[in-house]
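As stored in protein-v5.txt (compact mmCIF, C-alpha atoms):
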# COMPACT_ATOMS: atom_id res chain seq x y z
CA MET A 1 31.19 30.24 -61.17
CA VAL A 2 28.39 30.93 -58.62
CA ASP A 3 25.97 28.08 -58.06
CA VAL A 4 22.41 29.11 -58.97
CA LYS A 5 20.94 27.52 -55.82
CA GLU A 6 23.54 29.22 -53.63
CA GLU A 7 22.80 32.58 -55.26
CA ARG A 8 19.08 32.07 -54.67
CA VAL A 9 19.64 31.30 -50.97
CA VAL A 10 21.69 34.49 -50.59
CA LYS A 11 18.92 36.54 -52.20
CA ILE A 12 16.28 34.96 -49.93
CA LYS A 13 18.35 35.71 -46.84
CA LYS A 14 18.79 39.32 -47.86
CA ALA A 15 15.04 39.62 -48.38
CA HIS A 16 14.35 38.68 -44.76
CA SER A 17 14.32 41.20 -41.96
CA ARG A 18 14.48 39.52 -38.55
CA SER A 19 12.09 42.11 -37.12
CA GLN A 20 9.29 40.80 -39.36
CA PHE A 21 9.17 37.45 -37.54
CA HIS A 22 7.39 37.04 -34.24
CA LEU A 23 5.55 34.62 -31.95
CA THR A 24 1.83 34.70 -31.31
CA GLU A 25 0.25 35.09 -27.89
CA GLU A 26 -0.67 31.39 -27.86
CA GLN A 27 2.86 30.33 -28.77
CA ILE A 28 4.31 32.38 -25.92
CA LYS A 29 1.79 30.79 -23.52
CA LEU A 30 2.95 27.38 -24.73
CA LEU A 31 6.58 28.29 -24.05
CA VAL A 32 5.73 29.45 -20.54
CA ARG A 33 3.84 26.20 -19.85
CA HIS A 34 6.73 24.09 -21.12
CA ALA A 35 9.43 25.88 -19.14
CA ASP A 36 11.19 23.49 -16.75
CA LYS A 37 10.90 25.47 -13.53
CA LEU A 38 9.67 28.71 -12.01
CA ARG A 39 12.93 30.53 -12.75
CA ASP A 40 12.62 29.68 -16.45
CA LYS A 41 8.96 30.73 -16.53
CA VAL A 42 9.87 34.09 -15.00
CA ILE A 43 12.69 34.56 -17.53
CA ILE A 44 10.41 33.87 -20.49
CA LYS A 45 7.65 36.10 -19.12
CA MET A 46 10.03 39.00 -18.49
CA LEU A 47 11.36 38.70 -22.04
CA ALA A 48 7.82 38.61 -23.45
CA TYR A 49 6.14 41.28 -21.31
CA CYS A 50 9.01 43.75 -21.05
CA GLY A 51 10.79 43.21 -24.38
CA MET A 52 14.14 43.00 -22.59
CA ARG A 53 17.43 42.12 -24.20
CA ARG A 54 19.36 39.11 -22.88
CA PHE A 55 22.12 41.14 -21.24
CA GLU A 56 19.56 43.46 -19.60
CA LEU A 57 17.74 40.50 -18.08
CA ALA A 58 20.95 38.79 -16.93
CA LYS A 59 22.17 41.84 -14.99
CA ILE A 60 18.99 42.57 -13.01
CA LYS A 61 19.51 42.55 -9.26
CA ILE A 62 16.87 42.01 -6.60
CA GLU A 63 17.51 45.52 -5.29
CA ASP A 64 16.75 46.86 -8.78
CA ILE A 65 13.12 45.77 -8.38
CA ASN A 66 10.52 47.88 -6.59
CA PHE A 67 7.54 45.59 -6.08
CA GLU A 68 5.43 48.47 -4.74
CA THR A 69 5.83 50.78 -7.74
CA ARG A 70 6.14 47.76 -10.10
CA LYS A 71 9.33 49.16 -11.64
CA ILE A 72 12.62 47.48 -12.55
CA GLN A 73 15.83 49.43 -12.97
CA ILE A 74 17.42 48.21 -16.19
CA ARG A 75 21.07 48.61 -17.13
CA GLY A 76 20.80 49.12 -20.85
CA LYS A 77 23.25 49.79 -23.63
CA ARG A 78 26.24 51.96 -22.68
CA ASP A 79 25.24 51.38 -19.03
CA ILE A 80 22.33 53.83 -19.31
CA ASP A 81 19.88 53.17 -16.48
CA ARG A 82 16.23 52.88 -17.46
CA LEU A 83 12.97 51.72 -15.89
CA ALA A 84 10.73 48.90 -17.05
CA THR A 85 7.16 48.42 -15.82
CA ILE A 86 5.75 45.14 -14.50
CA PHE A 87 2.20 45.69 -15.71
CA SER A 88 1.18 42.01 -15.48
CA ASP A 89 -0.21 41.04 -12.05
CA GLN A 90 0.67 37.40 -12.69
CA LEU A 91 4.26 38.19 -13.58
CA LEU A 92 4.56 40.33 -10.45
CA GLU A 93 3.23 37.47 -8.33
CA ASP A 94 5.54 34.93 -10.00
CA MET A 95 8.54 37.17 -9.32
CA LYS A 96 7.58 37.55 -5.66
CA ILE A 97 7.18 33.78 -5.25
CA TYR A 98 10.47 33.16 -7.05
CA VAL A 99 12.38 35.57 -4.80
CA GLN A 100 10.71 34.21 -1.67
CA TYR A 101 11.05 30.47 -2.25
CA VAL A 102 13.81 29.98 -4.83
CA LEU A 103 16.11 32.78 -3.66
CA ASP A 104 15.19 32.28 0.01
CA ASN A 105 13.73 35.79 0.31
CA ALA A 106 17.08 37.40 -0.50
CA LYS A 107 17.16 41.20 -0.37
CA LYS A 108 20.10 41.73 -2.70
CA GLY A 109 22.13 39.95 -5.35
CA TYR A 110 21.37 38.97 -8.91
CA LEU A 111 17.80 37.95 -9.68
CA PHE A 112 19.15 35.08 -11.76
CA PRO A 113 22.41 33.97 -10.09
CA ALA A 114 25.09 32.01 -11.90
CA VAL A 115 24.41 28.29 -11.99
CA SER A 116 28.08 27.29 -12.09
CA SER A 117 30.81 28.40 -9.69
CA LEU A 118 33.04 28.71 -12.75
CA ASN A 119 30.93 31.66 -13.91
CA THR A 120 32.90 34.66 -12.65
CA GLN A 121 30.13 37.09 -13.65
CA GLU A 122 27.97 35.75 -10.79
CA HIS A 123 24.81 36.06 -12.88
CA ILE A 124 23.20 33.91 -15.54
CA THR A 125 24.89 34.20 -18.93
CA PRO A 126 23.23 35.10 -22.24
CA THR A 127 24.15 31.60 -23.44
CA GLN A 128 22.22 30.06 -20.55
CA ILE A 129 19.22 32.25 -21.36
CA ASN A 130 19.45 31.02 -24.95
CA ARG A 131 19.43 27.44 -23.70
CA ILE A 132 16.42 27.97 -21.43
CA VAL A 133 14.35 29.52 -24.22
CA ALA A 134 15.41 26.94 -26.84
CA GLN A 135 14.63 24.06 -24.48
CA ALA A 136 11.13 25.39 -23.81
CA GLY A 137 10.68 25.67 -27.58
CA HIS A 138 11.70 22.05 -28.12
CA LYS A 139 9.29 20.81 -25.46
CA ALA A 140 6.49 22.93 -26.93
CA HIS A 141 7.36 21.66 -30.44
CA LEU A 142 7.91 25.20 -31.66
CA SER A 143 10.61 26.36 -34.03
CA ASN A 144 11.76 29.88 -34.78
CA PRO A 145 9.40 31.58 -37.27
CA ASN A 146 12.47 32.96 -39.03
CA PRO A 147 13.38 30.32 -41.66
CA GLU A 148 17.05 31.20 -41.26
CA LEU A 149 16.99 30.11 -37.60
CA LYS A 150 16.06 26.82 -36.01
CA ASN A 151 15.55 27.38 -32.29
CA ILE A 152 13.42 29.90 -30.45
CA ASN A 153 15.82 32.60 -29.25
CA PRO A 154 15.44 35.40 -26.65
CA HIS A 155 15.43 38.22 -29.20
CA ILE A 156 12.28 36.90 -30.91
CA PHE A 157 10.36 37.95 -27.77
CA ARG A 158 11.38 41.57 -28.35
CA HIS A 159 9.86 41.54 -31.84
CA SER A 160 6.85 39.60 -30.55
CA CYS A 161 6.28 42.09 -27.73
CA ALA A 162 6.20 44.98 -30.21
CA ARG A 163 3.82 43.18 -32.58
CA ILE A 164 1.42 42.04 -29.86
CA LEU A 165 1.27 45.50 -28.27
CA LYS A 166 0.53 46.99 -31.69
CA ASP A 167 -2.19 44.40 -32.38
CA ARG A 168 -3.79 45.20 -29.03
CA GLY A 169 -4.13 48.86 -29.94
CA LEU A 170 -1.18 50.37 -28.08
CA SER A 171 0.27 53.52 -29.62
CA LEU A 172 3.77 53.72 -31.07
CA GLU A 173 4.73 55.96 -28.17
CA VAL A 174 3.79 53.30 -25.60
CA ILE A 175 5.48 50.52 -27.59
CA GLN A 176 8.69 52.54 -27.76
CA LYS A 177 8.44 53.11 -24.03
CA VAL A 178 8.13 49.38 -23.33
CA LEU A 179 10.99 48.36 -25.62
CA GLY A 180 13.28 51.27 -24.78
CA HIS A 181 12.10 51.70 -21.18
CA ILE A 182 11.66 55.02 -19.37
CA SER A 183 14.77 57.11 -18.73
CA TYR A 184 15.84 56.57 -15.13
CA LYS A 185 16.73 60.28 -14.89
CA THR A 186 13.13 61.29 -15.55
CA THR A 187 12.00 63.04 -12.36
CA MET A 188 8.49 63.97 -13.47
CA ASP A 189 5.73 61.45 -14.04
CA PHE A 190 5.69 62.36 -17.70
CA TYR A 191 7.08 60.94 -20.92
CA GLY A 192 6.41 62.37 -24.37
CA THR A 193 2.76 63.33 -24.73
CA MET A 194 1.47 60.83 -22.13
CA SER A 195 2.16 60.53 -18.43
CA ILE A 196 3.98 57.39 -17.30
CA SER A 197 1.07 56.46 -15.04
CA ASP A 198 -1.37 56.76 -17.96
CA MET A 199 0.82 54.53 -20.12
CA ASP A 200 1.13 51.95 -17.34
CA LYS A 201 -2.65 51.98 -16.92
CA GLU A 202 -3.18 51.48 -20.66
CA LEU A 203 -0.72 48.57 -20.70
CA LYS A 204 -2.49 46.91 -17.78
CA GLU A 205 -5.94 47.34 -19.35
CA LYS A 206 -5.07 46.30 -22.91
CA VAL A 207 -2.43 43.64 -22.23
CA GLY A 208 -2.70 42.55 -18.60
CA ASP A 209 -1.87 38.88 -18.06
CA ILE A 210 -2.07 37.64 -21.67
CA PHE A 211 0.79 35.16 -21.25
CA GLY A 212 -0.49 33.71 -18.00
Is it possible to express this structure as structure tokens?
Amino acid sequence: MVDVKEERVVKIKKAHSRSQFHLTEEQIKLLVRHADKLRDKVIIKMLAYCGMRRFELAKIKIEDINFETRKIQIRGKRDIDRLATIFSDQLLEDMKIYVQYVLDNAKKGYLFPAVSSLNTQEHITPTQINRIVAQAGHKAHLSNPNPELKNINPHIFRHSCARILKDRGLSLEVIQKVLGHISYKTTMDFYGTMSISDMDKELKEKVGDIFG
């Protein structure tokens, strides 16, 4: 015999779509402020501004970043290379400072190196990214807006990025570009019905440095 309460919980869970839950701009600012160190602030900002997945963030190398063009080469699903735009001036500056002072101005290697010598991947793990985000959430006294989850997790930033861009008047085309990134094989400065430079300009004007 199925317990009535248990059946109700199952129905509630099925009614929830994780994509419907998101963080507000102010909540993301709080998380950035409560991050332990510069590395953690950069991680949270990159998740929030670029809508990256954990494994994409973990695998970024210093040589994947072009600070002049403000582009990051992303290794996405099925190892498809894509480009993400750093449209926030503050994030760009934070990344430069992080590379200069924390990574001792290194020219190559992972942007977020492994913390432990036991980590054979040589870069930060998704589990460590989970821990960084959850810890910032605890210090900011924030819990996951999804009632099925307790801690703030990296993927909530992807949903939050989409919602915030939409609320700020960005088109679906631009939002898809941010979350999916531009194809690395694109040789022309054009994507869909808008040029890449026009989309980058719109992102900078409408979003800018909203997370600090």
Separation of CA of Asn144 in chain A from CA of Phe112 in chain A, in Å and rounded to one decimal: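 CA of Phe112 in chain A lies at a distance of 24.7 Å from CA of Asn144 in chain A.
Residues in contact with Ala48 in chain A at up to 9 Å, not including ones fewer than 6 positions away on its chain and judged by only C-alpha atoms, are Ile28, Pro154, Ile156, Phe157, Arg158, Ser160, Cys161 and Phe211 of chain A.
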Separation of CA of Met52 in chain A and CA of Lys139 in chain A, in Å? 22.9 Å
One decimal, Å: what's the distance from CA of Asn151 in chain A over to CA of Asn130 in chain A, could you say? 9.1 Å
Within 12 Å of Leu103 in chain A, counting all atoms listed in the file, which residues qualify if same-chain residues fewer than 3 places away don't, as an MDAnalysis selection string? chainID A and resid 38:39 61:62 95:100 106:113
Could you tell me which of A:His138, A:Lys204, A:His22, A:Lys29 comes closest to Ile164 in chain A if we count all atoms listed in the file?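 Nearest to Ile164 in chain A: A:His22.
Distances from A:Phe55, A:Phe21, A:Lys206, A:Gly212 to Leu92 in chain A were compared using all atoms listed in the file, and the smallest one belongs to A:Gly212.
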Of the candidates A:Ile175, A:Ile86, A:Val42, A:Ile129, which shows the shortest atom-to-atom distance to Thr69 in chain A, using all atoms listed in the file?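 Closest residue, counting all atoms listed in the file: A:Ile86.
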Padding of 8 Å on every side, edges along x, y and z, all listed atoms of range 95-104 of chain A included: what centre and edge lengths in Å, to one decimal, does that box have, as lines of an AutoDock Vina configuration file?
center_x = 11.6
center_y = 33.8
center_z = -4.7
size_x = 24.9
size_y = 23.6
size_z = 25.3
Could you give me, as a PyMOL selection string, the residues within 12 Å of Arg54 in chain A, counting all atoms listed in the file and dropping anything in the same chain fewer than 6 positions from it? chain A and resi 43-44+46-48+60+74-77+112+123-133+153-158
Export of the given selection (C-alpha atoms) as a short mmCIF file (atom, residue, chain, number, x, y, z; two decimals), keeping the file's coordinate frame:
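What follows is the written file part_15.cif:
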data_model
loop_
_atom_site.label_atom_id
_atom_site.label_comp_id
_atom_site.auth_asym_id
_atom_site.auth_seq_id
_atom_site.Cartn_x
_atom_site.Cartn_y
_atom_site.Cartn_z
CA ILE A 43 12.69 34.56 -17.53
CA ILE A 44 10.41 33.87 -20.49
CA MET A 46 10.03 39.00 -18.49
CA LEU A 47 11.36 38.70 -22.04
CA ALA A 48 7.82 38.61 -23.45
CA ILE A 60 18.99 42.57 -13.01
CA ILE A 74 17.42 48.21 -16.19
CA ARG A 75 21.07 48.61 -17.13
CA GLY A 76 20.80 49.12 -20.85
CA LYS A 77 23.25 49.79 -23.63
CA PHE A 112 19.15 35.08 -11.76
CA HIS A 123 24.81 36.06 -12.88
CA ILE A 124 23.20 33.91 -15.54
CA THR A 125 24.89 34.20 -18.93
CA PRO A 126 23.23 35.10 -22.24
CA THR A 127 24.15 31.60 -23.44
CA GLN A 128 22.22 30.06 -20.55
CA ILE A 129 19.22 32.25 -21.36
CA ASN A 130 19.45 31.02 -24.95
CA ARG A 131 19.43 27.44 -23.70
CA ILE A 132 16.42 27.97 -21.43
CA VAL A 133 14.35 29.52 -24.22
CA ASN A 153 15.82 32.60 -29.25
CA PRO A 154 15.44 35.40 -26.65
CA HIS A 155 15.43 38.22 -29.20
CA ILE A 156 12.28 36.90 -30.91
CA PHE A 157 10.36 37.95 -27.77
CA ARG A 158 11.38 41.57 -28.35
#
When you count all atoms listed in the file, which of these residues is closest to Leu23 in chain A: A:Ile152, A:Met194, A:Val178, A:Val207? A:Ile152
Per residue of range 49-105 of chain A within 12 Å of range 32-36 of chain A, record the nearest atom pair and its distance in Å to one decimal, counting all atoms listed in the file, with rows in chain order and ascending residue number, as a Markdown table.
| residue | atom | partner | partner_atom | distance |
| --- | --- | --- | --- | --- |
| A:Tyr49 | CA | A:Val32 | CA | 11.9 |
| A:Leu91 | CA | A:Val32 | CA | 11.3 |
| A:Asp94 | CA | A:Val32 | CA | 11.9 |
Give the answer as one residue: which of A:Val102, A:Ile196, A:Ile210, A:Ala58 has the shortest atom-to-atom distance to Lys71 in chain A, using all atoms listed in the file?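 Of the candidates, the smallest distance to Lys71 in chain A is held by A:Ile196.
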